[in-house]
Amino acid sequence: MTWRKSSFSGPGETNDCVELAAAGGEIRIRESDTPADIITTAPGRLRTFIRAVKAGELDHLAG
């Protein structure tokens with residue numbers, strides 16, 4: 001499985017960031033500083049989540 005991180009995270013392996021990988025028709029998500037903790041979701045659900053974040057629909061949770 002190949003993990004990818006955003007180009008906004010900067011170079012190197014020491015940056016804390018969210019990483020994604022595709023496997024078996026699902027999307028796996030983890031934080032680079034705790035790689036053993038993995039969330040699995042469907043591509044459509046992740047797409048819906050990303051659209052909601054971009055639209056500001058979850059800004060009230062960033063407290």
# chains A, B, ... in the order shown; residues from 1 in each chain; ligands from 1

call {"tool": "select_by_dssp", "arguments": {"residues": "chain A", "states": "strand (DSSP E)", "output": "ChimeraX atom specification"}}
result
/A:4-5,18-23,26-31,34-41

call {"tool": "write_last_selection", "arguments": {"atoms": "N, CA and C atoms", "output": "short mmCIF file (atom, residue, chain, number, x, y, z; two decimals), in the first residue's frame"}}
result
data_model
loop_
_atom_site.label_atom_id
_atom_site.label_comp_id
_atom_site.auth_asym_id
_atom_site.auth_seq_id
_atom_site.Cartn_x
_atom_site.Cartn_y
_atom_site.Cartn_z
N ARG A 4 0.08 8.45 0.69
CA ARG A 4 0.36 9.76 0.09
C ARG A 4 -0.05 10.85 1.07
N LYS A 5 0.71 11.93 1.06
CA LYS A 5 0.36 13.08 1.90
C LYS A 5 0.29 14.32 1.02
N VAL A 18 -1.79 14.25 7.59
CA VAL A 18 -2.73 13.18 7.28
C VAL A 18 -2.27 12.52 5.99
N GLU A 19 -2.28 11.20 5.97
CA GLU A 19 -1.87 10.44 4.79
C GLU A 19 -3.04 9.57 4.32
N LEU A 20 -3.13 9.36 3.02
CA LEU A 20 -4.17 8.54 2.43
C LEU A 20 -3.58 7.46 1.55
N ALA A 21 -4.28 6.32 1.47
CA ALA A 21 -3.89 5.22 0.58
C ALA A 21 -5.15 4.54 0.09
N ALA A 22 -5.13 4.07 -1.15
CA ALA A 22 -6.24 3.31 -1.70
C ALA A 22 -5.89 1.82 -1.63
N ALA A 23 -6.86 1.01 -1.17
CA ALA A 23 -6.63 -0.43 -1.07
C ALA A 23 -7.97 -1.16 -1.11
N GLU A 26 -11.27 0.78 -1.16
CA GLU A 26 -11.52 1.65 -0.02
C GLU A 26 -10.39 2.66 0.11
N ILE A 27 -10.64 3.69 0.89
CA ILE A 27 -9.63 4.70 1.19
C ILE A 27 -9.23 4.54 2.65
N ARG A 28 -7.94 4.47 2.89
CA ARG A 28 -7.40 4.38 4.25
C ARG A 28 -6.80 5.73 4.62
N ILE A 29 -7.05 6.17 5.84
CA ILE A 29 -6.58 7.48 6.32
C ILE A 29 -5.85 7.26 7.64
N ARG A 30 -4.71 7.93 7.78
CA ARG A 30 -3.95 7.86 9.03
C ARG A 30 -3.21 9.16 9.26
N GLU A 31 -2.78 9.37 10.49
CA GLU A 31 -1.90 10.49 10.81
C GLU A 31 -0.47 9.96 10.81
N THR A 34 0.96 8.75 14.15
CA THR A 34 0.39 7.53 14.73
C THR A 34 -0.07 6.61 13.59
N PRO A 35 0.88 6.06 12.84
CA PRO A 35 0.53 5.31 11.63
C PRO A 35 -0.23 4.01 11.87
N ALA A 36 -0.24 3.49 13.07
CA ALA A 36 -0.96 2.25 13.34
C ALA A 36 -2.47 2.47 13.42
N ASP A 37 -2.89 3.71 13.68
CA ASP A 37 -4.32 4.03 13.77
C ASP A 37 -4.82 4.42 12.38
N ILE A 38 -5.63 3.55 11.79
CA ILE A 38 -6.10 3.75 10.42
C ILE A 38 -7.62 3.76 10.38
N ILE A 39 -8.17 4.74 9.68
CA ILE A 39 -9.60 4.83 9.43
C ILE A 39 -9.83 4.39 7.99
N THR A 40 -10.85 3.57 7.77
CA THR A 40 -11.18 3.12 6.41
C THR A 40 -12.55 3.66 6.03
N THR A 41 -12.66 4.15 4.79
CA THR A 41 -13.93 4.68 4.31
C THR A 41 -14.07 4.41 2.81
#

call {"tool": "select_by_dssp", "arguments": {"residues": "chain A", "states": "helix (DSSP H, G or I)", "output": "list in words"}}
result
Ser7, Phe8, Ser9, Pro43, Gly44, Arg45, Leu46, Arg47, Thr48, Phe49, Ile50, Arg51, Ala52, Val53, Lys54, Asp59, His60, Leu61 and Ala62 of chain A

call {"tool": "write_last_selection", "arguments": {"atoms": "N, CA, C and O atoms", "output": "PDB file, in the first residue's frame"}}
result
ATOM      1  N   SER A   7       0.999  17.866  -0.581  1.00  0.00           N
ATOM      2  CA  SER A   7       2.225  18.624  -0.857  1.00  0.00           C
ATOM      3  C   SER A   7       2.345  19.818   0.080  1.00  0.00           C
ATOM      4  O   SER A   7       3.423  20.355   0.265  1.00  0.00           O
ATOM      5  N   PHE A   8       1.254  20.214   0.730  1.00  0.00           N
ATOM      6  CA  PHE A   8       1.286  21.314   1.687  1.00  0.00           C
ATOM      7  C   PHE A   8       1.947  20.909   3.001  1.00  0.00           C
ATOM      8  O   PHE A   8       2.250  21.735   3.830  1.00  0.00           O
ATOM      9  N   SER A   9       2.158  19.609   3.212  1.00  0.00           N
ATOM     10  CA  SER A   9       2.774  19.120   4.444  1.00  0.00           C
ATOM     11  C   SER A   9       4.265  19.391   4.498  1.00  0.00           C
ATOM     12  O   SER A   9       4.868  19.307   5.549  1.00  0.00           O
ATOM     13  N   PRO A  43     -14.707   5.690  -1.099  1.00  0.00           N
ATOM     14  CA  PRO A  43     -14.346   6.904  -1.846  1.00  0.00           C
ATOM     15  C   PRO A  43     -15.463   7.948  -1.890  1.00  0.00           C
ATOM     16  O   PRO A  43     -15.208   9.140  -1.728  1.00  0.00           O
ATOM     17  N   GLY A  44     -16.701   7.525  -2.080  1.00  0.00           N
ATOM     18  CA  GLY A  44     -17.816   8.474  -2.135  1.00  0.00           C
ATOM     19  C   GLY A  44     -18.041   9.209  -0.831  1.00  0.00           C
ATOM     20  O   GLY A  44     -18.336  10.409  -0.819  1.00  0.00           O
ATOM     21  N   ARG A  45     -17.881   8.520   0.269  1.00  0.00           N
ATOM     22  CA  ARG A  45     -18.042   9.166   1.578  1.00  0.00           C
ATOM     23  C   ARG A  45     -16.918  10.173   1.844  1.00  0.00           C
ATOM     24  O   ARG A  45     -17.149  11.238   2.393  1.00  0.00           O
ATOM     25  N   LEU A  46     -15.707   9.813   1.447  1.00  0.00           N
ATOM     26  CA  LEU A  46     -14.593  10.748   1.611  1.00  0.00           C
ATOM     27  C   LEU A  46     -14.806  11.981   0.739  1.00  0.00           C
ATOM     28  O   LEU A  46     -14.578  13.102   1.178  1.00  0.00           O
ATOM     29  N   ARG A  47     -15.277  11.772  -0.480  1.00  0.00           N
ATOM     30  CA  ARG A  47     -15.546  12.895  -1.390  1.00  0.00           C
ATOM     31  C   ARG A  47     -16.586  13.837  -0.776  1.00  0.00           C
ATOM     32  O   ARG A  47     -16.425  15.053  -0.784  1.00  0.00           O
ATOM     33  N   THR A  48     -17.652  13.285  -0.190  1.00  0.00           N
ATOM     34  CA  THR A  48     -18.684  14.098   0.456  1.00  0.00           C
ATOM     35  C   THR A  48     -18.105  14.878   1.624  1.00  0.00           C
ATOM     36  O   THR A  48     -18.398  16.065   1.809  1.00  0.00           O
ATOM     37  N   PHE A  49     -17.267  14.237   2.421  1.00  0.00           N
ATOM     38  CA  PHE A  49     -16.629  14.896   3.563  1.00  0.00           C
ATOM     39  C   PHE A  49     -15.741  16.052   3.104  1.00  0.00           C
ATOM     40  O   PHE A  49     -15.804  17.151   3.651  1.00  0.00           O
ATOM     41  N   ILE A  50     -14.922  15.812   2.090  1.00  0.00           N
ATOM     42  CA  ILE A  50     -14.017  16.856   1.597  1.00  0.00           C
ATOM     43  C   ILE A  50     -14.807  18.045   1.059  1.00  0.00           C
ATOM     44  O   ILE A  50     -14.457  19.198   1.310  1.00  0.00           O
ATOM     45  N   ARG A  51     -15.880  17.774   0.333  1.00  0.00           N
ATOM     46  CA  ARG A  51     -16.717  18.873  -0.179  1.00  0.00           C
ATOM     47  C   ARG A  51     -17.312  19.688   0.964  1.00  0.00           C
ATOM     48  O   ARG A  51     -17.383  20.910   0.891  1.00  0.00           O
ATOM     49  N   ALA A  52     -17.752  19.022   2.026  1.00  0.00           N
ATOM     50  CA  ALA A  52     -18.315  19.724   3.181  1.00  0.00           C
ATOM     51  C   ALA A  52     -17.262  20.595   3.862  1.00  0.00           C
ATOM     52  O   ALA A  52     -17.538  21.736   4.241  1.00  0.00           O
ATOM     53  N   VAL A  53     -16.042  20.085   3.994  1.00  0.00           N
ATOM     54  CA  VAL A  53     -14.952  20.866   4.598  1.00  0.00           C
ATOM     55  C   VAL A  53     -14.664  22.094   3.747  1.00  0.00           C
ATOM     56  O   VAL A  53     -14.563  23.213   4.260  1.00  0.00           O
ATOM     57  N   LYS A  54     -14.537  21.897   2.432  1.00  0.00           N
ATOM     58  CA  LYS A  54     -14.237  23.018   1.526  1.00  0.00           C
ATOM     59  C   LYS A  54     -15.342  24.072   1.544  1.00  0.00           C
ATOM     60  O   LYS A  54     -15.062  25.258   1.407  1.00  0.00           O
ATOM     61  N   ASP A  59     -17.015  24.209   9.899  1.00  0.00           N
ATOM     62  CA  ASP A  59     -16.203  25.221  10.597  1.00  0.00           C
ATOM     63  C   ASP A  59     -16.597  25.370  12.063  1.00  0.00           C
ATOM     64  O   ASP A  59     -15.752  25.652  12.903  1.00  0.00           O
ATOM     65  N   HIS A  60     -17.845  25.172  12.390  1.00  0.00           N
ATOM     66  CA  HIS A  60     -18.292  25.310  13.780  1.00  0.00           C
ATOM     67  C   HIS A  60     -17.673  24.271  14.711  1.00  0.00           C
ATOM     68  O   HIS A  60     -17.647  24.448  15.920  1.00  0.00           O
ATOM     69  N   LEU A  61     -17.112  23.210  14.154  1.00  0.00           N
ATOM     70  CA  LEU A  61     -16.475  22.168  14.962  1.00  0.00           C
ATOM     71  C   LEU A  61     -15.021  22.474  15.283  1.00  0.00           C
ATOM     72  O   LEU A  61     -14.413  21.804  16.116  1.00  0.00           O
ATOM     73  N   ALA A  62     -14.456  23.480  14.635  1.00  0.00           N
ATOM     74  CA  ALA A  62     -13.029  23.799  14.807  1.00  0.00           C
ATOM     75  C   ALA A  62     -12.787  24.750  15.962  1.00  0.00           C
ATOM     76  O   ALA A  62     -11.715  25.316  16.074  1.00  0.00           O
TER      77      ALA A  62
END
